[in-house]
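Asker: Sending over a structure as structure tokens; questions will come in a sec.
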Amino acid sequence: MMIAIIGGGPGGLTLARILHVHGIASVVFERDASGAARSQGSMLDLHTDTGQAALQTAGLEREFLAAARGEGQDHRILDHTGTMLLQEDTPDDAPMLRPEIDRADLRDILLSSLPAQTVRWGSAFTHAEPHEGGYLLHFADGSTATCDLLVGADGANSRVRPLLTDVEPTYSGKVVVQSSIHDADRTQPELAEMVGRGNYWVFGPDRLLGAQRNGNGVVQVSISIQAPLDLDPAEAIDLPDGWAPQFRRLLAACDEPFVVRPAYLLPIGMTWPRRSGLTLLGDAAHLMPSHGEGANQAMRDAAELAQAIAAHPADLDAALEQYEPAMFARTSKVARMSAEIAEMMTGPDAAQKVLAFFG
């Protein structure tokens, strides 16, 4: 049995690890040239019933807790005038309900738990076609591979998804403009102190400024705004009158060009007809507003799919029959909740709605 996983993110690597725990081999095809080829982005808060539960199933709970940051659960919420609306500081002995971990650290934990050669780097998947009861995979460098089960863990722009459905992600109307401050404690100590140890949110009438402390000394800074796809980043970071000066200083301190990241969504409750030897997990299957659920749901998908395969090692169709309906039902509920949170965090009264939510 050859299981091919397209995509070496948290979902794909978790699937490979839990299959390995059950003595089932797989191959992860990842387009990155290596594990260190690019920055892995902002922190992840892994929840006890999803991401953390998947890591427990993977036998990696100890490694995760050693790398996770409990203090990353801190929250500071302000309005655009600089008024502190809510400050929650995490006690040292607080339970690790949603600790933060650097994406790079999580990837390293998962990669180091896999046998050598499980991940084939530099393998940019282009398309697949049915072949002898399975699939023939094609890659950008002209190479091919065959598999009995093809799992698309390749994110929002999945190239596996079109084999199952014609549905494509649509633009949500929201753009995130993002940059970073490196070595913030040394280069910008006052701003680093202002942001604190975890998440920092500033709600304005028409945009949300966010900052987040990473474990490597970096502070990620972003502006979320309803805008057209062709938004000039300079428009997003040019704060309107009424914003307190420290927020302009925070944006001005960023030492990388601001990158525009449009937010796309798949329809809530999207499903597909079952197809032998083919399935999806994570954003490839249920792209939703990014409010802490994307990686968590992908890792839970991975754990449930791996356990279904382990329960039916000689019948992959039975494994998909166990996995897909449960995944559809669970992630539809989570996507609806994420959409409600996205709506709550939008508009001139967003700060008041968020305070009521935390209250």
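We name chains A, B, ... following the order of the structure tokens; residues begin at 1 in each chain, and ligands are numbered from 1 as shown.
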In range 110-308 of chain A, what's alpha helix (DSSP H) per DSSP? Answer as number ranges by chain?
Answerer: A: 110-112, 184-187, 189-195, 233-237, 245-252, 283-286, 294-308
Asker: Near Glu321 in chain A, counting only C-alpha atoms, which residues have an atom at most 9 Å away, once you skip same-chain residues fewer than 5 positions from it, shown as a PDB file with N, CA, C and O atoms, in the first residue's frame?
Answerer:
```
ATOM      1  N   ARG A 274     -17.793  10.538  -2.613  1.00  0.00           N
ATOM      2  CA  ARG A 274     -16.630   9.717  -2.284  1.00  0.00           C
ATOM      3  C   ARG A 274     -16.015   9.162  -3.560  1.00  0.00           C
ATOM      4  O   ARG A 274     -16.702   8.721  -4.485  1.00  0.00           O
ATOM      5  N   ALA A 308      -8.399   5.921  10.971  1.00  0.00           N
ATOM      6  CA  ALA A 308      -9.306   5.165  10.106  1.00  0.00           C
ATOM      7  C   ALA A 308      -8.535   4.206   9.203  1.00  0.00           C
ATOM      8  O   ALA A 308      -8.948   3.056   8.992  1.00  0.00           O
ATOM      9  N   LEU A 316      -9.025   0.644   1.971  1.00  0.00           N
ATOM     10  CA  LEU A 316      -8.941   2.096   2.030  1.00  0.00           C
ATOM     11  C   LEU A 316     -10.291   2.766   1.815  1.00  0.00           C
ATOM     12  O   LEU A 316     -10.547   3.842   2.359  1.00  0.00           O
ATOM     13  N   ALA A 326     -17.529  12.103   9.114  1.00  0.00           N
ATOM     14  CA  ALA A 326     -17.266  12.707  10.424  1.00  0.00           C
ATOM     15  C   ALA A 326     -16.526  14.025  10.259  1.00  0.00           C
ATOM     16  O   ALA A 326     -16.806  15.010  10.965  1.00  0.00           O
TER      17      ALA A 326
END
```
Asker: Let me make sure I understand: among A:His22, A:Arg98, A:Arg31, A:Lys174, which one has the smallest atom-to-atom distance to Ser290 in chain A if we use only C-alpha atoms?
Answerer: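 Distance minimum relative to Ser290 in chain A lands on A:Lys174.
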Asker: List as a tab-separated table every residue of range 246-349 of chain A that is in contact with range 148-164 of chain A, defined as an atom at most 12 Å from one of its atoms (using only C-alpha atoms), together with the nearest atom pair and the distance in Å rounded to one decimal, sorted by chain and then rising number.
Answerer:
```
residue	atom	partner	partner_atom	distance
A:Pro262	CA	A:Ala156	CA	11.4
A:Ala263	CA	A:Ala156	CA	9.7
A:Tyr264	CA	A:Ala156	CA	7.7
A:Leu265	CA	A:Ala156	CA	8.2
A:Leu266	CA	A:Ala156	CA	8.6
A:Met270	CA	A:Leu164	CA	11.2
A:Thr271	CA	A:Leu164	CA	9.1
A:Trp272	CA	A:Leu164	CA	6.1
A:Pro273	CA	A:Leu164	CA	7.2
A:Arg274	CA	A:Leu164	CA	8.1
A:Arg275	CA	A:Leu164	CA	7.3
A:Ser276	CA	A:Leu149	CA	8.1
A:Gly277	CA	A:Leu149	CA	4.3
A:Leu278	CA	A:Leu150	CA	4.9
A:Thr279	CA	A:Val151	CA	5.1
A:Leu280	CA	A:Gly152	CA	4.5
A:Leu281	CA	A:Ala153	CA	5.3
A:Gly282	CA	A:Ala153	CA	6.2
A:Asp283	CA	A:Gly155	CA	4.6
A:Ala284	CA	A:Gly155	CA	4.5
A:Ala285	CA	A:Arg161	CA	7.5
A:His286	CA	A:Ala156	CA	8.5
A:Leu287	CA	A:Ala156	CA	6.2
A:Met288	CA	A:Ala156	CA	9.4
A:Pro289	CA	A:Ala156	CA	11.4
A:Ser290	CA	A:Ala156	CA	11.6
A:Gly294	CA	A:Gly155	CA	9.8
A:Ala295	CA	A:Gly155	CA	10.2
A:Gln297	CA	A:Ala153	CA	11.8
A:Ala298	CA	A:Ala153	CA	8.2
A:Met299	CA	A:Ala153	CA	10.3
A:Asp301	CA	A:Ala153	CA	9.9
A:Ala302	CA	A:Ala153	CA	9.0
A:Leu305	CA	A:Val151	CA	9.7
A:Ala306	CA	A:Val151	CA	11.0
A:Ile309	CA	A:Leu149	CA	10.2
A:Pro313	CA	A:Leu149	CA	11.5
A:Ala314	CA	A:Asp148	CA	11.2
A:Asp315	CA	A:Asp148	CA	10.8
A:Leu316	CA	A:Leu149	CA	7.5
A:Asp317	CA	A:Leu149	CA	9.5
A:Ala319	CA	A:Leu149	CA	10.6
A:Leu320	CA	A:Leu149	CA	10.0
A:Glu324	CA	A:Val151	CA	12.0
```
Asker: For Ile109 in chain A, which residue among A:Thr14, A:Thr90, A:Gln73, A:Thr165 is the nearest when counting only C-alpha atoms?
Answerer: A:Thr14
Asker: Any idea what's packed within 12 Å of Ala140 in chain A, counting only C-alpha atoms, ignoring anything in its chain fewer than 4 positions away? Could you give it as JSON, numbers by chain?
Answerer: {"A": [29, 30, 31, 122, 123, 124, 125, 126, 127, 128, 144]}
Asker: So that I can see what lies close to Val219 in chain A, please list as a list in words the residues with an atom at most 6 Å from it, counting only C-alpha atoms and leaving out residues fewer than 6 positions away in the same chain.
Answerer: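 Selected residues are Ser180, Ile181, Gln212 and Arg213 of chain A.
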Asker: Selection from above, N, CA, C and O atoms, as a PDB file, in the first residue's frame, can you write it?
Answerer:
```
ATOM      1  N   SER A 180       7.023  42.337   9.991  1.00  0.00           N
ATOM      2  CA  SER A 180       7.630  41.845  11.233  1.00  0.00           C
ATOM      3  C   SER A 180       8.637  42.843  11.770  1.00  0.00           C
ATOM      4  O   SER A 180       9.184  43.669  11.023  1.00  0.00           O
ATOM      5  N   ILE A 181       8.883  42.739  13.061  1.00  0.00           N
ATOM      6  CA  ILE A 181       9.993  43.425  13.717  1.00  0.00           C
ATOM      7  C   ILE A 181      10.909  42.345  14.268  1.00  0.00           C
ATOM      8  O   ILE A 181      10.493  41.545  15.116  1.00  0.00           O
ATOM      9  N   GLN A 212       1.791  40.093  17.438  1.00  0.00           N
ATOM     10  CA  GLN A 212       1.930  38.819  18.138  1.00  0.00           C
ATOM     11  C   GLN A 212       3.403  38.533  18.375  1.00  0.00           C
ATOM     12  O   GLN A 212       4.216  38.607  17.457  1.00  0.00           O
ATOM     13  N   ARG A 213       3.699  38.208  19.619  1.00  0.00           N
ATOM     14  CA  ARG A 213       5.074  37.846  19.987  1.00  0.00           C
ATOM     15  C   ARG A 213       5.346  36.410  19.559  1.00  0.00           C
ATOM     16  O   ARG A 213       4.625  35.485  19.919  1.00  0.00           O
TER      17      ARG A 213
END
```
Asker: Restricting the calculation to only C-alpha atoms: of A:Arg249, A:Arg261, A:Arg197, A:His182, which residue gets closest to Val218 in chain A?
Answerer: A:His182
Asker: Got a sec: who's within 10 Å of range 43-58 of chain A, counting only C-alpha atoms, leaving out chain neighbours fewer than 3 positions off, as a ChimeraX atom specification?
Answerer: /A:10-11,14-22,40,61-65,68-70,72-73,96-106,109-110,113,198-199,212-215,220,291-304,306-307
Asker: Can you tell me how far CA of Phe258 in chain A sits from CA of Trp243 in chain A, in Å to one decimal?
Answerer: 19.5 Å
Asker: Which one of A:Ala184, A:Leu229, A:Leu111, A:Val259 sits closest to Thr170 in chain A if you count only C-alpha atoms?
Answerer: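 Closest residue, counting only C-alpha atoms: A:Leu229.
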Asker: Pick out the closest residue to Tyr135 in chain A from this set: A:Ala25, A:Glu71, A:Ile77, A:Ile3. Count only C-alpha atoms.
Answerer: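 Nearest candidate to Tyr135 in chain A out of A:Ala25, A:Glu71, A:Ile77, A:Ile3: A:Ile3.
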Asker: Quick one: of A:Ile24, A:Val354, A:Met2, A:Ile237, who's nearest to Val221 in chain A, counting only C-alpha atoms?
Answerer: A:Ile237
Asker: Would you give me, as a PyMOL selection string, the residues in range 110-311 of chain A that DSSP reads as strand (DSSP E)?
Answerer: chain A and resi 119-120+125-131+134-139+144-147+149-152+170-181+199-203+207-213+219-226+259-265+278-280
Asker: Save the residues we just selected, C-alpha atoms, as a short mmCIF file (atom, residue, chain, number, x, y, z; two decimals), in the first residue's frame?
Answerer:
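File written: part08.cif
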```cif
data_model
loop_
_atom_site.label_atom_id
_atom_site.label_comp_id
_atom_site.auth_asym_id
_atom_site.auth_seq_id
_atom_site.Cartn_x
_atom_site.Cartn_y
_atom_site.Cartn_z
CA VAL A 119 9.49 13.76 3.01
CA ARG A 120 10.54 14.30 -0.58
CA PHE A 125 2.78 18.51 -7.41
CA THR A 126 1.01 19.55 -10.61
CA HIS A 127 -1.70 16.99 -11.28
CA ALA A 128 -2.71 13.32 -11.03
CA GLU A 129 -4.62 10.82 -13.11
CA PRO A 130 -6.17 7.41 -12.38
CA HIS A 131 -3.70 4.58 -12.81
CA GLY A 134 -4.68 4.20 -7.81
CA TYR A 135 -3.17 7.41 -9.11
CA LEU A 136 -0.21 8.51 -11.17
CA LEU A 137 1.24 11.71 -9.75
CA HIS A 138 3.03 14.33 -11.84
CA PHE A 139 5.51 16.90 -10.53
CA THR A 144 6.18 10.86 -11.48
CA ALA A 145 5.06 8.52 -8.70
CA THR A 146 2.21 6.12 -8.14
CA CYS A 147 0.01 5.62 -5.10
CA LEU A 149 -4.25 6.59 -1.71
CA LEU A 150 -3.72 10.26 -2.58
CA VAL A 151 -4.27 12.75 0.27
CA GLY A 152 -4.43 16.44 -0.54
CA THR A 170 -13.73 32.81 -3.24
CA TYR A 171 -12.37 36.11 -1.97
CA SER A 172 -13.81 36.97 1.45
CA GLY A 173 -13.43 40.72 1.00
CA LYS A 174 -10.77 40.93 3.71
CA VAL A 175 -7.06 41.57 3.22
CA VAL A 176 -4.32 41.04 5.80
CA VAL A 177 -1.23 43.20 5.34
CA GLN A 178 1.66 41.77 7.31
CA SER A 179 5.26 42.49 8.30
CA SER A 180 7.63 41.84 11.23
CA ILE A 181 9.99 43.43 13.72
CA ASN A 199 -1.51 38.64 21.32
CA TYR A 200 -2.14 42.36 20.94
CA TRP A 201 -5.28 43.62 19.18
CA VAL A 202 -6.22 47.23 18.42
CA PHE A 203 -9.72 47.79 17.06
CA ARG A 207 -9.51 48.09 10.49
CA LEU A 208 -7.86 45.82 13.04
CA LEU A 209 -4.20 46.18 13.95
CA GLY A 210 -2.68 43.02 15.37
CA ALA A 211 0.69 42.14 16.82
CA GLN A 212 1.93 38.82 18.14
CA ARG A 213 5.07 37.85 19.99
CA VAL A 219 6.98 40.46 16.65
CA GLN A 220 4.54 39.86 13.79
CA VAL A 221 2.50 42.96 12.91
CA SER A 222 -0.59 43.02 10.71
CA ILE A 223 -3.50 45.14 9.55
CA SER A 224 -6.80 43.43 8.66
CA ILE A 225 -9.13 45.50 6.51
CA GLN A 226 -12.08 45.09 4.16
CA VAL A 259 2.98 41.64 2.25
CA VAL A 260 -0.68 41.55 1.18
CA ARG A 261 -2.46 38.29 2.00
CA PRO A 262 -6.03 38.16 0.69
CA ALA A 263 -8.34 35.89 2.68
CA TYR A 264 -10.17 33.24 0.67
CA LEU A 265 -12.93 30.89 1.82
CA LEU A 278 -8.59 10.04 -2.89
CA THR A 279 -9.35 12.51 -0.07
CA LEU A 280 -8.46 15.91 1.41
#
```
Asker: What separation in Å, quoted to one decimal, exists between CA of Ala253 in chain A and CA of Glu235 in chain A?
Answerer: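 Distance between the two atoms: 16.8 Å.
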Asker: What gap, in Å, lies between CA of Ala94 in chain A and CA of Ala351 in chain A?
Answerer: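 Rounded to one decimal, the two atoms are 25.9 Å apart.
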